[in-house]
$ cat run32.cif   # mmCIF, C-alpha atoms
data_final
#
loop_
_atom_site.label_atom_id
_atom_site.label_comp_id
_atom_site.auth_asym_id
_atom_site.auth_seq_id
_atom_site.Cartn_x
_atom_site.Cartn_y
_atom_site.Cartn_z
CA MET A 11 -16.83 36.46 -38.14
CA LEU A 12 -15.97 38.93 -35.38
CA ALA A 13 -14.93 35.99 -33.24
CA GLN A 14 -12.86 34.50 -36.06
CA ARG A 15 -11.08 37.76 -36.77
CA SER A 16 -10.49 38.84 -33.18
CA SER A 17 -7.73 36.32 -32.36
CA VAL A 18 -8.38 36.40 -28.64
CA ALA A 19 -7.66 33.76 -26.03
CA ALA A 20 -10.75 34.02 -23.82
CA ASP A 21 -14.47 34.70 -24.10
CA GLN A 22 -14.07 37.85 -22.05
CA ASP A 23 -11.78 39.41 -24.66
CA HIS A 24 -14.27 39.36 -27.53
CA VAL A 25 -15.99 42.43 -28.94
CA PRO A 26 -19.26 43.18 -27.10
CA PHE A 27 -22.06 43.98 -29.49
CA ALA A 28 -25.80 44.31 -29.87
CA LEU A 29 -27.53 42.78 -32.89
CA LEU A 30 -30.77 43.97 -34.43
CA SER A 31 -31.92 41.55 -37.13
CA CYS A 32 -34.63 42.90 -39.45
CA PRO A 33 -35.56 40.44 -42.22
CA GLU A 34 -38.79 42.36 -42.83
CA ILE A 35 -36.95 45.18 -44.60
CA PRO A 36 -37.61 44.83 -48.36
CA ASP A 37 -34.94 44.17 -50.96
CA ARG A 38 -32.41 46.99 -50.99
CA SER A 39 -31.34 46.52 -54.61
CA SER A 40 -34.91 46.87 -55.86
CA ALA A 41 -35.40 49.91 -53.62
CA VAL A 42 -32.37 51.62 -55.14
CA GLU A 43 -33.59 50.88 -58.65
CA THR A 44 -37.15 52.08 -58.04
CA GLY A 45 -36.35 54.95 -55.69
CA ASP A 46 -38.47 53.42 -52.92
CA ALA A 47 -37.91 55.81 -50.00
CA ARG A 48 -39.56 53.46 -47.52
CA VAL A 49 -36.55 51.15 -47.39
CA PRO A 50 -33.88 53.68 -46.32
CA ALA A 51 -36.42 55.13 -43.88
CA MET A 52 -36.88 51.68 -42.31
CA ILE A 53 -33.13 51.14 -42.08
CA HIS A 54 -32.64 54.58 -40.57
CA ALA A 55 -35.29 53.87 -37.95
CA ARG A 56 -33.51 50.68 -36.93
CA LEU A 57 -30.16 52.46 -36.75
CA ARG A 58 -31.75 55.04 -34.47
CA GLN A 59 -33.01 52.19 -32.26
CA LEU A 60 -29.45 50.96 -31.85
CA GLU A 61 -28.20 54.47 -31.18
CA GLN A 62 -30.92 55.07 -28.59
CA ALA A 63 -30.05 51.75 -26.96
CA GLY A 64 -26.70 53.33 -26.15
CA CYS A 65 -24.42 51.77 -28.74
CA GLY A 66 -21.24 53.68 -29.44
CA ALA A 67 -21.00 52.75 -33.13
CA VAL A 68 -23.16 50.98 -35.69
CA ALA A 69 -22.43 48.80 -38.71
CA ILE A 70 -24.60 47.37 -41.47
CA PRO A 71 -23.30 44.09 -42.98
CA CYS A 72 -25.07 44.83 -46.27
CA ASN A 73 -23.25 46.46 -49.16
CA THR A 74 -26.30 47.68 -51.05
CA ALA A 75 -27.69 49.46 -47.99
CA HIS A 76 -24.60 51.66 -48.13
CA TYR A 77 -26.14 53.41 -51.13
CA TRP A 78 -27.77 55.60 -48.47
CA ARG A 79 -24.82 55.64 -46.07
CA HIS A 80 -24.18 59.38 -46.27
CA ASP A 81 -27.76 60.12 -45.28
CA PHE A 82 -27.50 57.70 -42.38
CA THR A 83 -24.20 59.16 -41.22
CA ALA A 84 -25.55 62.70 -41.31
CA SER A 85 -28.49 61.82 -39.08
CA LEU A 86 -26.70 59.73 -36.43
CA GLN A 87 -24.86 60.95 -33.36
CA VAL A 88 -22.58 57.88 -33.33
CA PRO A 89 -20.23 56.61 -36.05
CA LEU A 90 -21.48 54.39 -38.86
CA ILE A 91 -18.61 52.09 -39.77
CA ASP A 92 -18.67 52.35 -43.55
CA MET A 93 -18.33 48.96 -45.25
CA VAL A 94 -17.57 50.50 -48.65
CA SER A 95 -14.90 52.89 -47.41
CA VAL A 96 -13.03 50.35 -45.29
CA THR A 97 -13.04 47.86 -48.18
CA ALA A 98 -11.66 50.45 -50.60
CA GLN A 99 -9.04 51.39 -48.01
CA HIS A 100 -7.97 47.76 -47.73
CA ALA A 101 -7.64 47.53 -51.52
CA ALA A 102 -5.37 50.58 -51.40
CA ARG A 103 -3.22 48.99 -48.70
CA LEU A 104 -2.72 46.03 -51.03
CA GLY A 105 -1.42 48.39 -53.70
CA ALA A 106 -4.31 47.88 -56.12
CA ARG A 107 -4.62 50.31 -59.01
CA SER A 108 -7.72 48.79 -60.62
CA ALA A 109 -10.71 46.84 -59.32
CA VAL A 110 -13.82 44.96 -60.33
CA VAL A 111 -16.71 45.00 -57.87
CA LEU A 112 -19.18 42.11 -57.77
CA GLY A 113 -22.45 42.48 -55.91
CA THR A 114 -26.16 43.06 -56.37
CA ARG A 115 -27.48 44.69 -59.52
CA SER A 116 -27.64 48.04 -57.77
CA THR A 117 -24.19 47.76 -56.22
CA ILE A 118 -22.71 47.21 -59.69
CA ARG A 119 -24.94 49.33 -61.91
CA TYR A 120 -25.06 52.32 -59.56
CA ARG A 121 -21.31 52.02 -59.06
CA LEU A 122 -21.54 52.01 -55.30
CA TYR A 123 -17.77 51.68 -54.82
CA ASP A 124 -16.56 54.09 -57.50
CA ALA A 125 -16.07 57.23 -55.42
CA ALA A 126 -14.39 55.38 -52.55
CA LEU A 127 -12.05 53.51 -54.87
CA LYS A 128 -11.15 56.61 -56.87
CA GLY A 129 -10.45 58.41 -53.62
CA PHE A 130 -7.62 55.94 -53.06
CA GLY A 131 -6.37 56.17 -56.63
CA ILE A 132 -7.98 52.89 -57.72
CA GLN A 133 -9.73 52.74 -61.10
CA PRO A 134 -13.05 50.85 -61.09
CA ILE A 135 -13.50 48.60 -64.14
CA GLU A 136 -16.95 48.42 -65.69
CA VAL A 137 -18.30 44.89 -66.16
CA SER A 138 -20.65 43.41 -68.74
CA ASP A 139 -24.37 42.80 -68.33
CA GLU A 140 -23.57 39.08 -68.33
CA ILE A 141 -21.40 39.49 -65.23
CA VAL A 142 -24.09 41.57 -63.54
CA HIS A 143 -26.68 38.89 -64.31
CA SER A 144 -24.58 35.91 -63.24
CA THR A 145 -23.60 37.62 -59.99
CA HIS A 146 -27.23 38.51 -59.29
CA CYS A 147 -28.15 34.86 -59.87
CA ALA A 148 -25.37 33.69 -57.56
CA ILE A 149 -26.70 35.90 -54.77
CA ALA A 150 -30.33 34.89 -55.29
CA LEU A 151 -29.45 31.19 -55.40
CA ALA A 152 -27.36 31.49 -52.23
CA LYS A 153 -30.25 33.13 -50.42
CA SER A 154 -32.57 30.29 -51.46
CA GLY A 155 -30.08 27.69 -50.22
CA ASN A 156 -29.03 26.41 -53.65
CA LEU A 157 -25.33 26.68 -52.92
CA ASP A 158 -23.96 24.47 -55.71
CA SER A 159 -25.74 26.41 -58.43
CA SER A 160 -24.80 29.67 -56.76
CA SER A 161 -21.14 28.65 -56.74
CA LYS A 162 -21.28 27.87 -60.47
CA GLN A 163 -22.73 31.28 -61.25
CA LEU A 164 -20.06 32.97 -59.15
CA ALA A 165 -17.35 30.94 -60.90
CA TYR A 166 -18.52 32.40 -64.21
CA SER A 167 -18.53 35.93 -62.79
CA LEU A 168 -15.02 35.53 -61.46
CA ALA A 169 -13.64 34.09 -64.69
CA ALA A 170 -15.25 36.84 -66.77
CA SER A 171 -14.02 39.49 -64.33
CA ARG A 172 -10.46 38.19 -64.40
CA ALA A 173 -10.52 38.44 -68.19
CA LEU A 174 -10.70 42.22 -67.63
CA HIS A 175 -7.34 42.04 -65.79
CA PRO A 176 -8.14 43.94 -62.59
CA ASP A 177 -5.62 44.04 -59.79
CA ILE A 178 -8.31 42.96 -57.35
CA ILE A 179 -11.92 41.77 -57.34
CA ILE A 180 -14.11 42.98 -54.50
CA LEU A 181 -16.76 40.56 -53.27
CA GLY A 182 -19.30 43.28 -52.56
CA CYS A 183 -22.11 41.14 -51.20
CA THR A 184 -22.07 39.08 -48.02
CA GLU A 185 -23.38 35.98 -49.79
CA LEU A 186 -20.53 35.75 -52.28
CA PRO A 187 -17.67 34.68 -49.96
CA MET A 188 -19.82 31.81 -48.73
CA VAL A 189 -20.18 30.24 -52.18
CA LEU A 190 -16.68 30.68 -53.56
CA PRO A 191 -15.82 27.68 -55.77
CA ALA A 192 -13.47 25.31 -53.96
CA ALA A 193 -10.73 25.60 -56.57
CA THR A 194 -10.86 29.40 -56.73
CA LYS A 195 -7.61 31.20 -56.02
CA ASP A 196 -8.13 34.07 -53.63
CA ALA A 197 -5.00 36.17 -53.93
CA ASP A 198 -6.86 38.76 -55.98
CA LEU A 199 -10.12 38.66 -53.97
CA ILE A 200 -11.20 41.09 -51.25
CA ASP A 201 -14.09 40.11 -48.98
CA SER A 202 -16.00 43.22 -47.92
CA THR A 203 -17.49 41.30 -45.00
CA THR A 204 -14.04 40.62 -43.58
CA CYS A 205 -13.07 44.25 -44.09
CA LEU A 206 -16.10 45.40 -42.10
CA ALA A 207 -15.41 42.89 -39.34
CA ASP A 208 -11.83 44.10 -39.05
CA ALA A 209 -13.00 47.72 -38.91
CA CYS A 210 -15.45 46.89 -36.11
CA ILE A 211 -12.72 45.17 -34.15
CA HIS A 212 -10.42 48.14 -34.71
CA TRP A 213 -13.10 50.50 -33.41
CA TRP A 214 -13.55 48.44 -30.26
CA ARG A 215 -9.84 48.11 -29.59
CA SER A 216 -9.37 51.84 -30.06
CA LYS A 217 -11.94 52.31 -27.29
CA LEU A 218 -9.95 50.00 -25.03
CA GLU A 219 -6.75 51.89 -25.77
CA LEU A 220 -8.43 55.22 -25.09
CA ALA A 221 -9.80 53.92 -21.81
CA SER A 222 -6.34 52.74 -20.82
CA GLU A 223 -4.76 56.09 -21.70
CA ARG A 224 -7.34 57.95 -19.61
CA GLY A 225 -7.10 55.57 -16.69
CA THR A 226 -10.69 54.35 -17.04
CA THR A 227 -11.94 50.77 -17.17
CA LEU A 228 -14.65 49.03 -19.14
CA GLN A 229 -17.20 47.34 -16.92
CA ARG A 230 -19.00 44.44 -18.57
CA ILE A 231 -22.59 44.18 -17.43
CA GLY A 232 -24.71 41.46 -19.01
CA ASN A 233 -24.54 41.85 -22.80
CA SER A 234 -23.34 45.44 -22.69
CA SER A 235 -20.00 47.01 -22.02
CA MET A 236 -20.14 50.28 -20.12
CA PRO A 237 -17.17 52.50 -19.45
CA ALA A 238 -16.73 53.58 -15.87
CA ASN A 239 -16.63 57.12 -17.22
CA ALA A 240 -18.82 57.00 -20.33
CA ALA A 241 -18.79 60.76 -20.85
CA GLY A 242 -15.01 60.71 -20.97
CA LEU A 243 -15.04 58.15 -23.76
CA ALA A 244 -17.83 59.28 -26.04
CA GLY A 245 -19.58 62.40 -24.93
CA SER A 246 -23.22 61.78 -24.11
CA CYS A 247 -23.38 58.19 -25.35
CA PRO A 248 -24.07 56.09 -22.22
CA ASN A 249 -22.84 52.70 -23.51
CA ALA A 250 -20.11 54.16 -25.67
CA SER A 251 -18.01 51.03 -26.01
CA ARG A 252 -20.65 48.63 -27.28
CA MET A 253 -20.69 47.74 -30.98
CA ALA A 254 -23.99 47.38 -32.87
CA ALA A 255 -24.91 45.56 -36.05
CA LEU A 256 -28.03 45.96 -38.15
CA ASN A 257 -28.74 42.75 -40.05
CA LEU A 258 -31.29 43.08 -42.85
CA THR A 259 -32.22 39.54 -43.93
CA GLY A 260 -32.76 36.11 -42.44
CA CYS A 261 -30.71 34.07 -44.89
CA ALA A 262 -29.18 31.10 -43.11
CA VAL A 263 -26.29 30.34 -45.44
CA SER A 264 -24.03 33.34 -44.85
CA SER A 265 -21.80 34.21 -41.94
CA THR A 266 -21.67 37.99 -41.74
CA THR A 267 -19.52 40.47 -39.96
CA ILE A 268 -21.18 39.87 -36.63
CA GLY A 269 -21.55 36.11 -37.09
CA THR A 270 -25.23 36.38 -37.96
CA PRO A 271 -27.34 35.48 -41.01
CA GLY A 272 -26.31 37.25 -44.20
CA SER A 273 -27.39 40.49 -45.76
CA ARG A 274 -27.01 41.84 -49.22
#

$ encode --input "run32.cif" --output "structure tokens"
Amino acid sequence: MLAQRSSVAADQDHVPFALLSCPEIPDRSSAVETGDARVPAMIHARLRQLEQAGCGAVAIPCNTAHYWRHDFTASLQVPLIDMVSVTAQHAARLGARSAVVLGTRSTIRYRLYDAALKGFGIQPIEVSDEIVHSTHCAIALAKSGNLDSSSKQLAYSLAASRALHPDIIILGCTELPMVLPAATKDADLIDSTTCLADACIHWWRSKLELASERGTTLQRIGNSSMPANAAGLAGSCPNASRMAALNLTGCAVSSTTIGTPGSR
């Protein structure tokens, strides 16, 4: 999706990034529900790997993993591009005053988006257990490759959510945009995956602008992008202009922020 959203004319103009794909990390929604501390610890360890590899910023294309985002942010020396915050910010730019969030059980039940939405003056709307269940089924079916059945479950969730009359509906799981019913209108839908991709691109372009203002250049070496004066761009981070993504599952049906298999 980074490539799709970048609108560049040549290969050399795309966002350089490093990808760490970790399908071995257990289900995040279950970990939130049970308080399993192993899962955030595993995610944190992988984020540290990306940081130690010299990446200047990290992103996790998984909404549910953002349940622990404040802990991750506090322990990293580089920015974590917050999927929840940038999605809420986009909803605010659209003028939304109310929102329904669809995602995993934990994303909905633990109201992952509430604080971010309220911070922008947007009122989260509570959904029924039926919507939670149908959305959970849509995600599980998408991950197993049963896209038609997944799409039908999502169609129910969307219809039931629209009956609550929100200004916008946030697709708060990376599987959901991939199984949108063909006839679904999208004027009231916000794709959190797209919001994260756009935020990653913005981060990268801000680095280019800063380099230009300071008279430095970005030297592309292999798969990395190193500033000629790294310290001038990002303190002690040696590869300060490379983006990093931590992918948490191996599902083959979803295109995520970094154009890799999907995460929930």

$ atom_distance --input "run32.cif" --atom1 "CA of Ala109 in chain A" --atom2 "CA of Ile178 in chain A"
5.0 Å

$ residues_near_point --input "run32.cif" --point "(-15.2, 48.9, -36.3)" --cutoff "10 Å" --atoms "all atoms listed in the file" --output "number ranges by chain"
A: 25, 67-69, 89-93, 96, 205-216, 253-254

$ resolve_selection --input "run32.cif" --expression "the PyMOL selection byres ((chain A and resi 164) around 12)" --output "ChimeraX atom specification"
/A:112-113,140-152,157-163,165-171,181,183,185-192,194

$ closest_residue --input "run32.cif" --among "A:Gly45, A:Gln133, A:Ala101, A:Ser138" --to "Ile200 in chain A" --atoms "all atoms listed in the file"
A:Ala101

$ atom_distance --input "run32.cif" --atom1 "CA of Ala28 in chain A" --atom2 "CA of Lys217 in chain A"
16.2 Å

$ atom_distance --input "run32.cif" --atom1 "CA of Leu104 in chain A" --atom2 "CA of Ala173 in chain A"
20.3 Å

$ closest_residue --input "run32.cif" --among "A:Phe130, A:Ser108, A:Arg103, A:Ile53" --to "Cys72 in chain A" --atoms "only C-alpha atoms"
A:Ile53

$ closest_residue --input "run32.cif" --among "A:Arg15, A:His100, A:His76, A:Arg115" --to "Glu43 in chain A" --atoms "only C-alpha atoms"
A:Arg115

$ residues_around --input "run32.cif" --residues "Glu61 in chain A" --least-positions-apart "4" --cutoff "7 Å" --atoms "all atoms listed in the file" --output "mmCIF file with C-alpha atoms, in the coordinates of the input"
data_model
loop_
_atom_site.group_PDB
_atom_site.id
_atom_site.type_symbol
_atom_site.label_atom_id
_atom_site.label_comp_id
_atom_site.auth_asym_id
_atom_site.auth_seq_id
_atom_site.Cartn_x
_atom_site.Cartn_y
_atom_site.Cartn_z
ATOM 1 C CA LEU A 57 -30.160 52.460 -36.750
ATOM 2 C CA CYS A 65 -24.420 51.770 -28.740
ATOM 3 C CA VAL A 88 -22.580 57.880 -33.330
#

$ closest_residue --input "run32.cif" --among "A:Asp177, A:Thr74, A:Ser16, A:Gly155" --to "Ala102 in chain A" --atoms "all atoms listed in the file"
A:Asp177

$ closest_residue --input "run32.cif" --among "A:Val111, A:Ser17, A:Ser116, A:Asn73" --to "Thr44 in chain A" --atoms "only C-alpha atoms"
A:Ser116

$ closest_residue --input "run32.cif" --among "A:His175, A:Pro26, A:Glu136, A:Arg58" --to "Thr117 in chain A" --atoms "only C-alpha atoms"
A:Glu136

$ axis_aligned_box --input "run32.cif" --around "range 214-217 of chain A" --padding-each-side "6 Å" --output "lines of an AutoDock Vina configuration file"
center_x = -11.5
center_y = 50.2
center_z = -28.8
size_x = 16.2
size_y = 16.2
size_z = 15.0

$ build_atoms --input "run32.cif" --residues "range 55-66 of chain A" --atoms "all heavy atoms" --output "JSON list (two decimals), in the frame of the given file"
[["chain", "number", "residue", "atom", "x", "y", "z"],
["A", 55, "ALA", "N", -34.58, 54.04, -39.22],
["A", 55, "ALA", "CA", -35.29, 53.87, -37.95],
["A", 55, "ALA", "C", -34.64, 52.82, -37.08],
["A", 55, "ALA", "O", -34.55, 52.96, -35.85],
["A", 55, "ALA", "CB", -36.75, 53.52, -38.22],
["A", 56, "ARG", "N", -34.17, 51.75, -37.70],
["A", 56, "ARG", "CA", -33.51, 50.68, -36.93],
["A", 56, "ARG", "C", -32.15, 51.14, -36.42],
["A", 56, "ARG", "O", -31.75, 50.79, -35.30],
["A", 56, "ARG", "CB", -33.37, 49.43, -37.79],
["A", 56, "ARG", "CG", -34.67, 48.87, -38.32],
["A", 56, "ARG", "CD", -35.64, 48.52, -37.20],
["A", 56, "ARG", "NE", -36.85, 47.90, -37.70],
["A", 56, "ARG", "CZ", -37.97, 48.55, -38.02],
["A", 56, "ARG", "NH1", -38.02, 49.87, -37.88],
["A", 56, "ARG", "NH2", -39.02, 47.90, -38.48],
["A", 57, "LEU", "N", -31.44, 51.91, -37.22],
["A", 57, "LEU", "CA", -30.16, 52.46, -36.75],
["A", 57, "LEU", "C", -30.37, 53.37, -35.54],
["A", 57, "LEU", "O", -29.60, 53.35, -34.58],
["A", 57, "LEU", "CB", -29.47, 53.23, -37.87],
["A", 57, "LEU", "CG", -28.93, 52.40, -39.04],
["A", 57, "LEU", "CD1", -28.49, 53.32, -40.17],
["A", 57, "LEU", "CD2", -27.79, 51.51, -38.59],
["A", 58, "ARG", "N", -31.43, 54.16, -35.60],
["A", 58, "ARG", "CA", -31.75, 55.04, -34.47],
["A", 58, "ARG", "C", -32.08, 54.22, -33.22],
["A", 58, "ARG", "O", -31.73, 54.61, -32.10],
["A", 58, "ARG", "CB", -32.91, 55.95, -34.83],
["A", 58, "ARG", "CG", -32.56, 57.03, -35.81],
["A", 58, "ARG", "CD", -31.79, 58.16, -35.16],
["A", 58, "ARG", "NE", -32.61, 58.87, -34.19],
["A", 58, "ARG", "CZ", -32.19, 59.30, -33.00],
["A", 58, "ARG", "NH1", -30.94, 59.06, -32.62],
["A", 58, "ARG", "NH2", -32.99, 59.95, -32.19],
["A", 59, "GLN", "N", -32.73, 53.07, -33.40],
["A", 59, "GLN", "CA", -33.01, 52.19, -32.26],
["A", 59, "GLN", "C", -31.72, 51.77, -31.60],
["A", 59, "GLN", "O", -31.61, 51.76, -30.36],
["A", 59, "GLN", "CB", -33.78, 50.95, -32.71],
["A", 59, "GLN", "CG", -35.26, 51.15, -32.91],
["A", 59, "GLN", "CD", -35.94, 49.85, -33.28],
["A", 59, "GLN", "OE1", -36.07, 49.50, -34.45],
["A", 59, "GLN", "NE2", -36.35, 49.11, -32.27],
["A", 60, "LEU", "N", -30.73, 51.38, -32.41],
["A", 60, "LEU", "CA", -29.45, 50.96, -31.85],
["A", 60, "LEU", "C", -28.74, 52.12, -31.17],
["A", 60, "LEU", "O", -28.15, 51.97, -30.10],
["A", 60, "LEU", "CB", -28.57, 50.39, -32.97],
["A", 60, "LEU", "CG", -29.04, 49.06, -33.56],
["A", 60, "LEU", "CD1", -28.29, 48.74, -34.84],
["A", 60, "LEU", "CD2", -28.88, 47.93, -32.55],
["A", 61, "GLU", "N", -28.81, 53.28, -31.78],
["A", 61, "GLU", "CA", -28.20, 54.47, -31.18],
["A", 61, "GLU", "C", -28.86, 54.79, -29.84],
["A", 61, "GLU", "O", -28.18, 55.05, -28.84],
["A", 61, "GLU", "CB", -28.33, 55.64, -32.13],
["A", 61, "GLU", "CG", -27.70, 56.93, -31.63],
["A", 61, "GLU", "CD", -27.85, 58.06, -32.63],
["A", 61, "GLU", "OE1", -29.00, 58.40, -32.96],
["A", 61, "GLU", "OE2", -26.82, 58.59, -33.08],
["A", 62, "GLN", "N", -30.18, 54.75, -29.81],
["A", 62, "GLN", "CA", -30.92, 55.07, -28.59],
["A", 62, "GLN", "C", -30.72, 54.02, -27.51],
["A", 62, "GLN", "O", -30.89, 54.30, -26.32],
["A", 62, "GLN", "CB", -32.40, 55.24, -28.92],
["A", 62, "GLN", "CG", -32.68, 56.50, -29.73],
["A", 62, "GLN", "CD", -34.06, 56.52, -30.34],
["A", 62, "GLN", "OE1", -34.87, 55.61, -30.13],
["A", 62, "GLN", "NE2", -34.36, 57.56, -31.12],
["A", 63, "ALA", "N", -30.35, 52.80, -27.94],
["A", 63, "ALA", "CA", -30.05, 51.75, -26.96],
["A", 63, "ALA", "C", -28.70, 51.99, -26.29],
["A", 63, "ALA", "O", -28.35, 51.29, -25.34],
["A", 63, "ALA", "CB", -30.06, 50.38, -27.64],
["A", 64, "GLY", "N", -27.96, 52.97, -26.78],
["A", 64, "GLY", "CA", -26.70, 53.33, -26.15],
["A", 64, "GLY", "C", -25.46, 52.79, -26.81],
["A", 64, "GLY", "O", -24.39, 52.79, -26.22],
["A", 65, "CYS", "N", -25.59, 52.32, -28.05],
["A", 65, "CYS", "CA", -24.42, 51.77, -28.74],
["A", 65, "CYS", "C", -23.50, 52.90, -29.20],
["A", 65, "CYS", "O", -23.96, 53.97, -29.61],
["A", 65, "CYS", "CB", -24.85, 50.94, -29.94],
["A", 65, "CYS", "SG", -25.77, 49.45, -29.45],
["A", 66, "GLY", "N", -22.22, 52.65, -29.12],
["A", 66, "GLY", "CA", -21.24, 53.68, -29.44],
["A", 66, "GLY", "C", -20.89, 53.76, -30.91],
["A", 66, "GLY", "O", -20.30, 54.75, -31.35]]
